[in-house]
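Colleague: Here it is: the structure, laid out below.
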Amino acid sequence: MSDQYRVDYLVLGSGIAGLWFALGVADYGQVAIITKKETAESNTNYAQGGIAGVWDKNDSIESHVHDTLVAGAGLCDEDVVREVVSEGPREIQALMDLGASFTKSEGKLHLGREAGHAHARILHASDTTGREVERVLMEKILAHPNITVFDFHYAVDLITEHHLGQHVTRLRPDISCYGAYVLDEKNETVYTFLARVTLLATGGSCAVYRHTTNPSIATGDGVAMAYRAKARIANMEFVQFHPTALYQGKVYEGREFLVSEAVRGHGGILLNRSGEAFMKQYDSRAELAPRDIVARAIDDQLKHRGEDHVFLDVSHLDAAETEQAFPYIVRTCREVGIDPTAEPIPVVPAAHYQCGGVQTDSMARTSITGLLAAGEVAYTGLHGANRLASNSLLEALVFSRKAINSAPKIAAERSFNEAVPDWDSSGTAQQREWVLISHNRKELQRTMWSYVGIVRSDLRLSRALRRTKLLYEEVEEFYGRTRISSRLCELRNLIAVAYLVIRSAQMRRESRGLHYTLDYPEQVAVERRPSLV
Ligand code: FAD
Ligand code: SIN
């Protein structure tokens, strides 16, 4: 029996981008959603602050556009920014029409304030916005007759001409995507999913760093698959570090608990361990400066003072109001012995968001025919060199809508490719050396944290590249003789992401937005362009 499925629309990922798209195209054909863990496990599920949108009559599209452009440090595509900001409120309204319940105050939607925004414009569901978004979307998805969800299924590779035995070089402009090879984790079988249109919605890659706010699913599988398929990838050097992850006084591998930027918007102040509010030394906007500036200021304080964390203090604010605004954050801090209403919260920066990704046009099409991309995996031009807070969920909604608008026409023009072979696992065997995988993953995460972090230099980057190449050689050799598994594929993908971040960082000979290097500390006009791989 051939291990094959055929669907009109194949969706890789079940975060906001994948689910929004799936609901939209389900009116036009059969949809399969592939997701590697439980369906809700995604960056989306952990989003706290909310979704940015112009809602207040005193706010304006121009103001949101301006704030996004300022944060993006000259690298945003202004047309894209204007489209996303203008079309965003309609998508947010559609999400609410589906049943998403956002926090209200005195009968009106409550708008939060976050750094870099000139107005309060963040719609949110208390401090667990992502959970509410996943809840409402999953409810609709599970009830839809045209959508099938394949959880614990891992997308291994996009199917392109390469799998038809053709030699694809980087220079070929006419690559097509025919679907994906997908590993069913439970029965260890690789299935061929043939599709007319495939949407890449696999999220980000911050698990490539030792300290990250992201759950462990964020291994950059989509970027790595697209890179192997020879899609155009852009701006991978721009990794956003969130300034305030909870510091727990121990070496902690995995997801760090985020203390939302909304806490600073609410009046939280950053203090060093001598109790000094230091942000004004770095930027007149102090705690409300864009994230890159705040994260670099904290990094500077830590390095100069030889300390391992700073504090975020809200103990001077009304305790009942803090508890009401941030119930999840207050509860989680108390669980680890810190009461934010009475004492400052120890915090450190952690890798948070991938600003670059698979390049799309304004209709969510990648450089590969039949392959669309939306959400954190995509580089659309919105964020430039630094993402403005809460613009990510917004971008995912707007670009998934663009993908919904593009997909039926593309699907109508394409048929299933009958020549695609089943997955070939001959010559591979079960491996017992799993310890090598976990050691290599940790080694890679430490390398990226130490040498490709908030502050970079040529020396640090070349050191990181050498170590990554060594890991690449070891893992490719292991991959060639080992039965496929998601752990091994993730490691391979993380190495590809590390390579893309390092090489893009080496190519950018200036400091701009999130990319800061000691060797080129100034912004340079000729470097004002996306870095393409
Ligand atoms: P995700 O939500 O990450 O979903 C990716 C999906 O792809 C997952 O289901 C994953 O399992 C699946 N997947 C990945 N690889 C594979 C594979 N190989 N095979 C099968 N499935 C795969 N942004 C905001 O705008 N506002 C906020 O308040 C906010 N808060 C945040 C708080 C935290 C702690 C974090 C981590 C991020 C936050 N962000 C926020 C960023 C935002 O949540 C994400 O950028 C956004 O949710 C990404 O959505 P997505 O659909 O692209 O990807
Ligand atoms: C936060 O709540 O601080 C995260 C917001 C974001 O990443 O946009």
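Just so we're on the same page: first chain in the structure tokens is A, next is B, and so on; residues restart at 1 for each chain, and ligands are numbered from 1 in the order they show up.
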Restrict the calculation to only C-alpha atoms and all ligand atoms, then for each residue of chain A with any atom at most 8 Å from an atom of ligand 2 give the closest atom pair and their distance in Å to one decimal, rows by chain and rising residue number, as a Markdown table.

Modeller:
| residue | atom | partner | partner_atom_place_in_ligand_line | distance |
| --- | --- | --- | --- | --- |
| A:Ala47 | CA | ligand 2 | 4 (C) | 6.2 |
| A:Gln48 | CA | ligand 2 | 2 (O) | 4.3 |
| A:Gly49 | CA | ligand 2 | 2 (O) | 3.3 |
| A:Gly50 | CA | ligand 2 | 2 (O) | 6.5 |
| A:Ile51 | CA | ligand 2 | 8 (O) | 7.7 |
| A:Glu114 | CA | ligand 2 | 3 (O) | 7.7 |
| A:Asp127 | CA | ligand 2 | 2 (O) | 7.6 |
| A:His242 | CA | ligand 2 | 3 (O) | 7.2 |
| A:Thr244 | CA | ligand 2 | 3 (O) | 7.9 |
| A:Leu258 | CA | ligand 2 | 3 (O) | 7.1 |
| A:Val259 | CA | ligand 2 | 3 (O) | 6.5 |
| A:Ser260 | CA | ligand 2 | 3 (O) | 3.5 |
| A:Glu261 | CA | ligand 2 | 3 (O) | 3.5 |
| A:Ala262 | CA | ligand 2 | 2 (O) | 5.8 |
| A:Val263 | CA | ligand 2 | 3 (O) | 7.9 |
| A:His352 | CA | ligand 2 | 7 (O) | 7.1 |
| A:Tyr353 | CA | ligand 2 | 7 (O) | 7.2 |
| A:Arg387 | CA | ligand 2 | 8 (O) | 7.8 |
| A:Leu388 | CA | ligand 2 | 8 (O) | 6.8 |
| A:Ala389 | CA | ligand 2 | 8 (O) | 3.7 |
| A:Ser390 | CA | ligand 2 | 8 (O) | 3.3 |
| A:Asn391 | CA | ligand 2 | 8 (O) | 6.0 |
| A:Ser392 | CA | ligand 2 | 8 (O) | 6.0 |
| A:Leu393 | CA | ligand 2 | 8 (O) | 7.6 |

Colleague: Which residues, written as a list in words, have at least one atom at most 9 Å from Glu490 in chain A, with only C-alpha atoms counted and residues fewer than 5 positions away on the same chain left out?

Modeller: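 In the requested format, the answer is Ile217, Thr219, Gly220, Asp221, Arg441, Ser485 and Ile495 of chain A.
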
Colleague: Atoms to include: N, CA and C atoms. Write the selected residues as a short mmCIF file (atom, residue, chain, number, x, y, z; two decimals), in the first residue's frame.

Modeller:
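Listed below is the output, selection_34.cif:
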data_model
loop_
_atom_site.label_atom_id
_atom_site.label_comp_id
_atom_site.auth_asym_id
_atom_site.auth_seq_id
_atom_site.Cartn_x
_atom_site.Cartn_y
_atom_site.Cartn_z
N ILE A 217 9.14 23.54 20.69
CA ILE A 217 8.78 23.29 19.28
C ILE A 217 9.45 24.27 18.32
N THR A 219 11.93 25.15 16.61
CA THR A 219 13.25 24.69 16.14
C THR A 219 13.53 25.11 14.69
N GLY A 220 12.75 26.04 14.17
CA GLY A 220 13.06 26.56 12.83
C GLY A 220 12.90 25.54 11.72
N ASP A 221 12.02 24.54 11.91
CA ASP A 221 11.88 23.49 10.89
C ASP A 221 11.48 24.07 9.53
N ARG A 441 22.68 19.14 20.54
CA ARG A 441 21.69 20.22 20.60
C ARG A 441 22.12 21.25 21.66
N SER A 485 13.82 10.38 12.81
CA SER A 485 13.08 10.69 14.04
C SER A 485 12.98 12.21 14.13
N ILE A 495 20.69 23.29 13.27
CA ILE A 495 22.03 23.59 12.73
C ILE A 495 21.91 24.46 11.48
#

Colleague: Within 7 Å of Leu312 in chain A, counting only C-alpha atoms, which residues qualify if same-chain residues fewer than 4 places away don't, as a count of residues only?

Modeller: 8

Colleague: With the cut-off set at 7 Å and counting only C-alpha atoms and all ligand atoms, tabulate each residue of chain A with an atom at most that distance from an atom of ligand 1, showing the nearest atom pair and its distance in Å to one decimal, ordered by chain and increasing number, as a tab-separated table.

Modeller:
residue	atom	partner	partner_atom_place_in_ligand_line	distance
A:Leu12	CA	ligand 1	21 (N)	5.5
A:Gly13	CA	ligand 1	7 (O)	3.2
A:Ser14	CA	ligand 1	9 (O)	3.7
A:Gly15	CA	ligand 1	2 (O)	3.4
A:Ile16	CA	ligand 1	51 (O)	4.0
A:Ala17	CA	ligand 1	51 (O)	3.8
A:Gly18	CA	ligand 1	51 (O)	5.6
A:Ile34	CA	ligand 1	20 (C)	5.2
A:Thr35	CA	ligand 1	21 (N)	3.5
A:Lys36	CA	ligand 1	20 (C)	4.0
A:Lys37	CA	ligand 1	11 (O)	5.4
A:Thr39	CA	ligand 1	9 (O)	6.0
A:Ala40	CA	ligand 1	9 (O)	6.4
A:Glu41	CA	ligand 1	9 (O)	5.5
A:Ser42	CA	ligand 1	2 (O)	4.1
A:Asn43	CA	ligand 1	3 (O)	3.7
A:Thr44	CA	ligand 1	47 (O)	3.1
A:Asn45	CA	ligand 1	2 (O)	6.5
A:Tyr46	CA	ligand 1	34 (C)	4.6
A:Ala47	CA	ligand 1	30 (N)	3.2
A:Gln48	CA	ligand 1	28 (O)	4.1
A:Gly49	CA	ligand 1	28 (O)	3.4
A:Gly50	CA	ligand 1	28 (O)	3.9
A:Ile51	CA	ligand 1	25 (O)	5.2
A:Ala52	CA	ligand 1	25 (O)	6.9
A:Thr129	CA	ligand 1	28 (O)	6.7
A:Gly130	CA	ligand 1	43 (O)	6.7
A:His153	CA	ligand 1	20 (C)	5.9
A:Tyr154	CA	ligand 1	19 (N)	3.7
A:Ala155	CA	ligand 1	19 (N)	3.7
A:Val156	CA	ligand 1	18 (N)	5.9
A:Ala201	CA	ligand 1	52 (O)	5.3
A:Thr202	CA	ligand 1	7 (O)	3.4
A:Gly203	CA	ligand 1	53 (O)	3.3
A:Gly204	CA	ligand 1	3 (O)	5.9
A:Thr213	CA	ligand 1	36 (C)	4.9
A:Asn214	CA	ligand 1	36 (C)	4.0
A:Pro215	CA	ligand 1	36 (C)	6.6
A:Ile217	CA	ligand 1	11 (O)	5.4
A:Ala218	CA	ligand 1	3 (O)	6.3
A:Thr219	CA	ligand 1	15 (N)	6.8
A:Gly220	CA	ligand 1	15 (N)	6.7
A:Asp221	CA	ligand 1	18 (N)	4.9
A:Gly222	CA	ligand 1	15 (N)	6.1
A:Phe257	CA	ligand 1	34 (C)	7.0
A:Leu258	CA	ligand 1	34 (C)	5.3
A:His352	CA	ligand 1	36 (C)	5.8
A:Tyr353	CA	ligand 1	45 (O)	6.3
A:Ala374	CA	ligand 1	52 (O)	6.3
A:Gly375	CA	ligand 1	52 (O)	3.3
A:Glu376	CA	ligand 1	52 (O)	3.9
A:Val377	CA	ligand 1	52 (O)	5.8
A:Ala389	CA	ligand 1	25 (O)	6.3
A:Ser390	CA	ligand 1	25 (O)	3.1
A:Asn391	CA	ligand 1	25 (O)	4.5
A:Ser392	CA	ligand 1	25 (O)	3.6
A:Leu393	CA	ligand 1	25 (O)	3.8
A:Leu394	CA	ligand 1	25 (O)	6.1
A:Ala396	CA	ligand 1	52 (O)	6.2

Colleague: Using only C-alpha atoms, which residue out of A:Val310, A:Cys206, A:Leu10, A:Leu23 lies closest to Glu237 in chain A?

Modeller: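 When distances to Glu237 in chain A are compared using only C-alpha atoms, the smallest one comes from A:Cys206.
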
Colleague: Quote the spacing between CA of Cys355 in chain A and CA of Ala403 in chain A in Å to one decimal place.

Modeller: 19.2 Å

Colleague: Return the single residue from A:Gly337, A:Gly453, A:His383, A:Val435 that is closest to Ala351 in chain A, with distances computed using only C-alpha atoms.

Modeller: A:Gly453

Colleague: Determine which residues of range 186-241 of chain A receive a DSSP assignment of alpha helix (DSSP H), computed from the backbone, and state them as a count of residues only.

Modeller: 8

Colleague: Find the distance between CA of Ala342 in chain A and CA of Phe102 in chain A and write it in Å to one decimal.

Modeller: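 We find that CA of Ala342 in chain A and CA of Phe102 in chain A lie 27.9 Å from each other.
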
Colleague: For a quick check of understanding, using only C-alpha atoms, which of A:His144, A:His66, A:Arg291, A:Arg273 has the smallest distance to Gly306 in chain A?

Modeller: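 Using only C-alpha atoms, Gly306 in chain A sits closest to A:Arg273.
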
Colleague: Could you go through range 235-473 of chain A and tell me which residues DSSP, when run on the backbone, assigns to strand (DSSP E or B), listing them as number ranges by chain?

Modeller: A: 239-246, 254-255, 258, 269-271, 277, 310-313, 345-354, 357-359, 365, 369, 371-373, 378-379, 429, 456

Colleague: Using only C-alpha atoms, which residue out of A:Leu514, A:Met138, A:Val197, A:Ala231 lies closest to Glu413 in chain A?

Modeller: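 Of the candidates, the smallest distance to Glu413 in chain A is held by A:Val197.
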
Colleague: For each of A:Leu470, A:Ala234, A:Ala498, A:Leu397, take the minimum atom-to-atom distance to Pro89 in chain A, counting only C-alpha atoms, then give the residue where this is smallest.

Modeller: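 Nearest candidate to Pro89 in chain A out of A:Leu470, A:Ala234, A:Ala498, A:Leu397: A:Leu397.
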
Colleague: Between CA of Ala73 in chain A and CA of Gly384 in chain A, measure the distance and give it in Å to one decimal.

Modeller: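 These two atoms are separated by 6.9 Å.
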
Colleague: Hey, what's within 12 Å of Leu491 in chain A if we count only C-alpha atoms and toss same-chain stuff fewer than 3 positions away? As number ranges by chain, please?

Modeller: A: 156, 205, 207-208, 216-221, 224, 434, 436-445, 468, 471-472, 474-476, 478-479, 484-488, 494-498

Colleague: Would you list the contacts of Ser60 in chain A as an mmCIF file with N, CA and C atoms, in the first residue's frame, taking every protein, DNA or RNA residue within 10 Å and counting only C-alpha atoms, but skipping same-chain residues closer than 4 positions in sequence?

Modeller:
data_model
loop_
_atom_site.group_PDB
_atom_site.id
_atom_site.type_symbol
_atom_site.label_atom_id
_atom_site.label_comp_id
_atom_site.auth_asym_id
_atom_site.auth_seq_id
_atom_site.Cartn_x
_atom_site.Cartn_y
_atom_site.Cartn_z
ATOM 1 N N GLY A 53 -3.384 46.943 17.415
ATOM 2 C CA GLY A 53 -4.334 47.371 16.391
ATOM 3 C C GLY A 53 -4.869 48.754 16.730
ATOM 4 N N VAL A 54 -5.136 49.520 15.676
ATOM 5 C CA VAL A 54 -5.645 50.882 15.910
ATOM 6 C C VAL A 54 -7.137 50.780 16.226
ATOM 7 N N TRP A 55 -7.499 51.068 17.442
ATOM 8 C CA TRP A 55 -8.864 50.849 17.919
ATOM 9 C C TRP A 55 -9.456 52.121 18.526
ATOM 10 N N ASP A 56 -8.569 52.932 19.113
ATOM 11 C CA ASP A 56 -9.028 54.108 19.843
ATOM 12 C C ASP A 56 -9.178 55.283 18.878
ATOM 13 N N HIS A 64 0.574 54.174 14.147
ATOM 14 C CA HIS A 64 1.027 52.774 14.255
ATOM 15 C C HIS A 64 2.074 52.478 13.171
ATOM 16 N N VAL A 65 1.849 53.010 11.982
ATOM 17 C CA VAL A 65 2.841 52.833 10.901
ATOM 18 C C VAL A 65 4.166 53.450 11.340
ATOM 19 N N HIS A 66 4.101 54.657 11.855
ATOM 20 C CA HIS A 66 5.317 55.368 12.269
ATOM 21 C C HIS A 66 6.075 54.562 13.336
ATOM 22 N N VAL A 85 -1.031 47.274 9.026
ATOM 23 C CA VAL A 85 -1.634 48.124 10.062
ATOM 24 C C VAL A 85 -3.072 48.501 9.676
ATOM 25 N N SER A 86 -3.294 48.749 8.369
ATOM 26 C CA SER A 86 -4.649 49.148 7.934
ATOM 27 C C SER A 86 -5.613 47.964 7.945
ATOM 28 N N HIS A 119 0.723 54.981 21.440
ATOM 29 C CA HIS A 119 -0.628 54.945 22.023
ATOM 30 C C HIS A 119 -0.861 53.597 22.683
ATOM 31 N N ARG A 121 -2.626 50.519 22.406
ATOM 32 C CA ARG A 121 -3.345 49.914 21.270
ATOM 33 C C ARG A 121 -3.238 48.393 21.272
#

Colleague: Can you pull out every residue within 6 Å of range 360-373 of chain A, counting only C-alpha atoms, but drop anything in the same chain fewer than 6 positions away, and send it as a PyMOL selection string?

Modeller: chain A and resi 175-177+197-200+231+380+402-403

Colleague: Of the residues A:Gly381, A:Ala407, A:Thr192, A:Glu276, which is the one nearest to Asp79 in chain A, using only C-alpha atoms?

Modeller: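 Comparing A:Gly381, A:Ala407, A:Thr192, A:Glu276 against Asp79 in chain A, the winner is A:Gly381.
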
Colleague: If you count only C-alpha atoms, which residues fall within 9 Å of Glu287 in chain A, apart from same-chain ones fewer than 3 positions away, as a PyMOL selection string?

Modeller: chain A and resi 115+264-265+267-270+279-280+283-284+290+294
